[in-house]
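Engineer: Here it is, the structure, as structure tokens.
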Amino acid sequence: MKKLPLLLLPIVFILMGCPGKKLSKPIYLRSTVDVDKLTDIDNKFDRFKQQILGHFSNKEQVKNNPGLGEREQEFIIVPALEERPGEFWVYLEFFSPSLVDEPINHRVEQYVRVDRDTFRMEVYLLKEPEKYVNAWKKEKPLEGLNTKKDLIRVNNCDLLIVADEKPHTFHTLAPEDINCELGSAGTTKYVNLYFGLSDIGYNMRFQFYDAAKKILRETETDLIFKKLDYRTETYRDYTKKEKD
């Protein structure tokens with residue numbers, strides 16, 4: 001049998017079908033379905049939960065709108081704590097991609113199904129937040145945490161999330177009063193967060209108020225945080241060290 005010329009070998013391998021490089025799903029995304037599989041979920045509650053979870057970034061919006069004045073930011077949301085029917089807990093970390101180990105904000109949220117098309121988001125702060133930095137890198141985030149001893153319930157910051165007319169899209173309702181305290185020094189006392197949720201990600205808008213509940217400033221346009229796909233070439237897996 002004649003040997004094939006070396007120049008033909010690459011073509012033969014292509015025709016035979018060389019096995020491609022298998023992508024490893026980051027540990028913090030293992031509880032989420034791939035972004036192109038979201039539309040396969042018909043159950044409203046399951047779809048809503050999967051839309052909440054994941055890795056999100058405003059990189060595309062910041063790049064395409066330099067005049068927006070926003071910095072590139074990301075957040076990761078993973079399941080946390082034991083679930084019960086009609087509710088689930090998550091751990092959220094909001095950070096700059098250049099300072100992953102120094103989150104801007106991290107907290108625990110509980111989502112409770114109020115009725116068929118309405119959910120309530122409750123916010124909890126960690127009593128010892130430094131212990132849980134980058135908890136999403138662990139197989140069991142917040143393992144051993146006691147909801148009564150280790151969490152602080154943030155009053156007046158609950159959000160009601162309702163379904164839109166378009167299936168599997170949601171938005172928050174405006175609160176009856178401005179009572180969600182920001183908890184920081186300065187003239188800004190209260191904050192309101194509005195967001196829309198879909199398979200694509202979050203559209204967010206913030207309003208900030210002083211102690212007299214007079215609005216000080218607000219985001220001029222929706223901040224778009226898209227759900228990232230770990231299979232894309234440019235995706236950065238934060239559990240792996242970057243090459244020099």
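All residue names refer to the structure tokens as shown: chains lettered A, B, ... in order, residues numbered from 1 in each chain, ligands numbered from 1 in order.
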Extract, using only C-alpha atoms, all DNA, RNA and protein residues at most 12 Å from A:Glu109, discarding same-chain residues fewer than 5 positions from it, and format them as number ranges by chain.

Structural biologist: A: 52-53, 77-81, 87-93, 120-126, 147, 151-154, 157-159

Engineer: Produce a file of the selected residues containing N, CA and C atoms, as a PDB file, in the first residue's frame.

Structural biologist:
ATOM      1  N   ILE A  52     -32.377  33.768  35.790  1.00  0.00           N
ATOM      2  CA  ILE A  52     -31.731  34.443  36.916  1.00  0.00           C
ATOM      3  C   ILE A  52     -30.265  34.035  37.041  1.00  0.00           C
ATOM      4  N   LEU A  53     -30.001  32.729  36.899  1.00  0.00           N
ATOM      5  CA  LEU A  53     -28.659  32.186  37.116  1.00  0.00           C
ATOM      6  C   LEU A  53     -27.737  32.447  35.934  1.00  0.00           C
ATOM      7  N   ILE A  77     -24.263  34.772  39.273  1.00  0.00           N
ATOM      8  CA  ILE A  77     -25.308  34.322  40.193  1.00  0.00           C
ATOM      9  C   ILE A  77     -25.363  32.801  40.158  1.00  0.00           C
ATOM     10  N   VAL A  78     -25.209  32.196  41.330  1.00  0.00           N
ATOM     11  CA  VAL A  78     -25.208  30.735  41.424  1.00  0.00           C
ATOM     12  C   VAL A  78     -26.240  30.287  42.466  1.00  0.00           C
ATOM     13  N   PRO A  79     -26.722  29.057  42.360  1.00  0.00           N
ATOM     14  CA  PRO A  79     -27.650  28.532  43.379  1.00  0.00           C
ATOM     15  C   PRO A  79     -26.963  28.441  44.728  1.00  0.00           C
ATOM     16  N   ALA A  80     -27.718  28.657  45.786  1.00  0.00           N
ATOM     17  CA  ALA A  80     -27.163  28.568  47.133  1.00  0.00           C
ATOM     18  C   ALA A  80     -28.249  28.090  48.096  1.00  0.00           C
ATOM     19  N   LEU A  81     -27.852  27.329  49.079  1.00  0.00           N
ATOM     20  CA  LEU A  81     -28.732  26.862  50.142  1.00  0.00           C
ATOM     21  C   LEU A  81     -29.785  25.875  49.621  1.00  0.00           C
ATOM     22  N   GLU A  87     -39.660  28.174  45.574  1.00  0.00           N
ATOM     23  CA  GLU A  87     -38.692  29.194  45.969  1.00  0.00           C
ATOM     24  C   GLU A  87     -37.278  28.675  45.732  1.00  0.00           C
ATOM     25  N   PHE A  88     -36.334  29.597  45.651  1.00  0.00           N
ATOM     26  CA  PHE A  88     -34.932  29.208  45.555  1.00  0.00           C
ATOM     27  C   PHE A  88     -34.047  30.356  46.023  1.00  0.00           C
ATOM     28  N   TRP A  89     -32.846  29.991  46.498  1.00  0.00           N
ATOM     29  CA  TRP A  89     -31.871  30.947  46.996  1.00  0.00           C
ATOM     30  C   TRP A  89     -30.705  31.037  46.023  1.00  0.00           C
ATOM     31  N   VAL A  90     -30.117  32.224  45.920  1.00  0.00           N
ATOM     32  CA  VAL A  90     -28.942  32.394  45.065  1.00  0.00           C
ATOM     33  C   VAL A  90     -27.901  33.243  45.785  1.00  0.00           C
ATOM     34  N   TYR A  91     -26.655  33.093  45.357  1.00  0.00           N
ATOM     35  CA  TYR A  91     -25.571  33.957  45.809  1.00  0.00           C
ATOM     36  C   TYR A  91     -25.140  34.791  44.619  1.00  0.00           C
ATOM     37  N   LEU A  92     -25.039  36.115  44.808  1.00  0.00           N
ATOM     38  CA  LEU A  92     -24.689  37.040  43.734  1.00  0.00           C
ATOM     39  C   LEU A  92     -23.420  37.791  44.085  1.00  0.00           C
ATOM     40  N   GLU A  93     -22.543  37.910  43.103  1.00  0.00           N
ATOM     41  CA  GLU A  93     -21.345  38.732  43.275  1.00  0.00           C
ATOM     42  C   GLU A  93     -21.209  39.650  42.069  1.00  0.00           C
ATOM     43  N   ARG A 120     -41.330  37.207  44.125  1.00  0.00           N
ATOM     44  CA  ARG A 120     -40.801  38.220  45.040  1.00  0.00           C
ATOM     45  C   ARG A 120     -39.327  37.939  45.280  1.00  0.00           C
ATOM     46  N   MET A 121     -38.510  38.979  45.114  1.00  0.00           N
ATOM     47  CA  MET A 121     -37.074  38.866  45.390  1.00  0.00           C
ATOM     48  C   MET A 121     -36.775  39.511  46.737  1.00  0.00           C
ATOM     49  N   GLU A 122     -36.208  38.745  47.658  1.00  0.00           N
ATOM     50  CA  GLU A 122     -35.829  39.238  48.974  1.00  0.00           C
ATOM     51  C   GLU A 122     -34.303  39.323  49.044  1.00  0.00           C
ATOM     52  N   VAL A 123     -33.791  40.370  49.676  1.00  0.00           N
ATOM     53  CA  VAL A 123     -32.345  40.608  49.722  1.00  0.00           C
ATOM     54  C   VAL A 123     -31.806  40.371  51.136  1.00  0.00           C
ATOM     55  N   TYR A 124     -30.655  39.690  51.204  1.00  0.00           N
ATOM     56  CA  TYR A 124     -29.988  39.413  52.481  1.00  0.00           C
ATOM     57  C   TYR A 124     -28.504  39.764  52.358  1.00  0.00           C
ATOM     58  N   LEU A 125     -27.970  40.396  53.394  1.00  0.00           N
ATOM     59  CA  LEU A 125     -26.546  40.674  53.452  1.00  0.00           C
ATOM     60  C   LEU A 125     -25.865  39.637  54.341  1.00  0.00           C
ATOM     61  N   LEU A 126     -24.596  39.413  54.098  1.00  0.00           N
ATOM     62  CA  LEU A 126     -23.811  38.473  54.883  1.00  0.00           C
ATOM     63  C   LEU A 126     -23.201  39.178  56.086  1.00  0.00           C
ATOM     64  N   THR A 147     -29.103  30.522  57.678  1.00  0.00           N
ATOM     65  CA  THR A 147     -29.862  31.694  57.223  1.00  0.00           C
ATOM     66  C   THR A 147     -30.278  32.607  58.374  1.00  0.00           C
ATOM     67  N   LEU A 151     -27.107  35.659  58.128  1.00  0.00           N
ATOM     68  CA  LEU A 151     -27.649  36.600  57.153  1.00  0.00           C
ATOM     69  C   LEU A 151     -28.403  37.738  57.835  1.00  0.00           C
ATOM     70  N   ILE A 152     -28.382  38.887  57.203  1.00  0.00           N
ATOM     71  CA  ILE A 152     -29.134  40.053  57.671  1.00  0.00           C
ATOM     72  C   ILE A 152     -30.186  40.391  56.621  1.00  0.00           C
ATOM     73  N   ARG A 153     -31.431  40.324  56.999  1.00  0.00           N
ATOM     74  CA  ARG A 153     -32.524  40.635  56.075  1.00  0.00           C
ATOM     75  C   ARG A 153     -32.546  42.132  55.797  1.00  0.00           C
ATOM     76  N   VAL A 154     -32.497  42.505  54.517  1.00  0.00           N
ATOM     77  CA  VAL A 154     -32.561  43.913  54.139  1.00  0.00           C
ATOM     78  C   VAL A 154     -34.028  44.291  53.955  1.00  0.00           C
ATOM     79  N   CYS A 157     -36.511  46.426  50.638  1.00  0.00           N
ATOM     80  CA  CYS A 157     -35.859  46.344  49.330  1.00  0.00           C
ATOM     81  C   CYS A 157     -36.373  45.173  48.495  1.00  0.00           C
ATOM     82  N   ASP A 158     -37.467  44.576  48.956  1.00  0.00           N
ATOM     83  CA  ASP A 158     -38.063  43.491  48.171  1.00  0.00           C
ATOM     84  C   ASP A 158     -38.516  44.021  46.810  1.00  0.00           C
ATOM     85  N   LEU A 159     -38.423  43.168  45.809  1.00  0.00           N
ATOM     86  CA  LEU A 159     -38.896  43.523  44.475  1.00  0.00           C
ATOM     87  C   LEU A 159     -39.933  42.513  44.022  1.00  0.00           C
TER      88      LEU A 159
END

Engineer: Which residues of stretch 53-148 of chain A have any atom within 8 Å of an atom in stretch 222-243 of chain A when counting only C-alpha atoms, and what is the closest pair of atoms for each, with the distance in Å to one decimal? Order the rows by chain and rising number and write it as a tab-separated table.

Structural biologist:
residue	atom	partner	partner_atom	distance
A:Gly54	CA	A:Lys227	CA	6.6
A:His55	CA	A:Leu228	CA	5.6
A:Phe56	CA	A:Lys227	CA	4.5
A:Ser57	CA	A:Phe225	CA	4.7
A:Asn58	CA	A:Phe225	CA	4.4
A:Lys59	CA	A:Phe225	CA	7.8
A:Gln61	CA	A:Ile224	CA	6.4
A:Glu74	CA	A:Phe225	CA	7.6
A:Lys137	CA	A:Thr239	CA	6.6

Engineer: Restricting the calculation to only C-alpha atoms, which member of A:Lys214, A:Lys140, A:His171, A:Lys49 is positioned closest to A:Tyr194?

Structural biologist: A:His171

Engineer: Hey, which of A:Glu82, A:Asp117, A:Glu72, A:Glu128 ends up closest to A:Ser96? Count only C-alpha atoms.

Structural biologist: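 Nearest candidate to A:Ser96 out of A:Glu82, A:Asp117, A:Glu72, A:Glu128: A:Glu72.
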
Engineer: Do you have the atom CA of A:Leu182-atom CA of A:Asp199 distance handy?

Structural biologist: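 Separation of atom CA of A:Leu182 and atom CA of A:Asp199: 28.7 Å.
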
Engineer: Got a sec: who's within 6 Å of A:Phe170, counting only C-alpha atoms, leaving out chain neighbours fewer than 2 positions off, as a ChimeraX atom specification?

Structural biologist: /A:162-164,196-197

Engineer: Restrict the selected residues to all heavy atoms and save them as a short mmCIF file (atom, residue, chain, number, x, y, z; two decimals), in the first residue's frame.

Structural biologist:
data_model
loop_
_atom_site.label_atom_id
_atom_site.label_comp_id
_atom_site.auth_asym_id
_atom_site.auth_seq_id
_atom_site.Cartn_x
_atom_site.Cartn_y
_atom_site.Cartn_z
N VAL A 162 -42.96 40.55 37.74
CA VAL A 162 -44.15 40.03 37.08
C VAL A 162 -43.86 39.71 35.62
O VAL A 162 -42.92 40.24 35.02
CB VAL A 162 -45.32 41.05 37.16
CG1 VAL A 162 -45.71 41.31 38.61
CG2 VAL A 162 -44.95 42.36 36.46
N ALA A 163 -44.69 38.85 35.06
CA ALA A 163 -44.52 38.44 33.67
C ALA A 163 -45.00 39.53 32.72
O ALA A 163 -45.97 40.23 32.99
CB ALA A 163 -45.28 37.15 33.41
N ASP A 164 -44.31 39.68 31.60
CA ASP A 164 -44.74 40.57 30.53
C ASP A 164 -45.74 39.85 29.64
O ASP A 164 -46.02 38.65 29.80
CB ASP A 164 -43.54 41.00 29.68
CG ASP A 164 -42.63 41.96 30.42
OD1 ASP A 164 -43.13 42.72 31.27
OD2 ASP A 164 -41.42 41.95 30.14
N GLY A 196 -35.59 44.46 33.68
CA GLY A 196 -36.32 43.53 32.84
C GLY A 196 -35.47 42.29 32.71
O GLY A 196 -34.24 42.35 32.73
N LEU A 197 -36.11 41.13 32.60
CA LEU A 197 -35.40 39.86 32.55
C LEU A 197 -35.91 39.02 31.40
O LEU A 197 -37.11 38.94 31.16
CB LEU A 197 -35.61 39.11 33.87
CG LEU A 197 -34.98 37.72 34.00
CD1 LEU A 197 -33.47 37.82 34.07
CD2 LEU A 197 -35.53 37.01 35.24
#

Engineer: What is the atom CA of A:Lys44 to atom CA of A:Phe94 distance in Å?

Structural biologist: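 Spanning atom CA of A:Lys44 to atom CA of A:Phe94 is a straight-line distance of 26.1 Å.
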
Engineer: Quick one: DSSP strand (DSSP E) residues in stretch 45-211 of chain A, as a PyMOL selection string?

Structural biologist: chain A and resi 54-57+74-79+87-95+105-115+118-126+151-153+159-163+170-172+190-197+201-209

Engineer: Find the residue from A:Cys180, A:Trp136, A:Lys127, A:Phe208 that sits nearest to A:Ser31; use only C-alpha atoms when measuring.

Structural biologist: A:Trp136
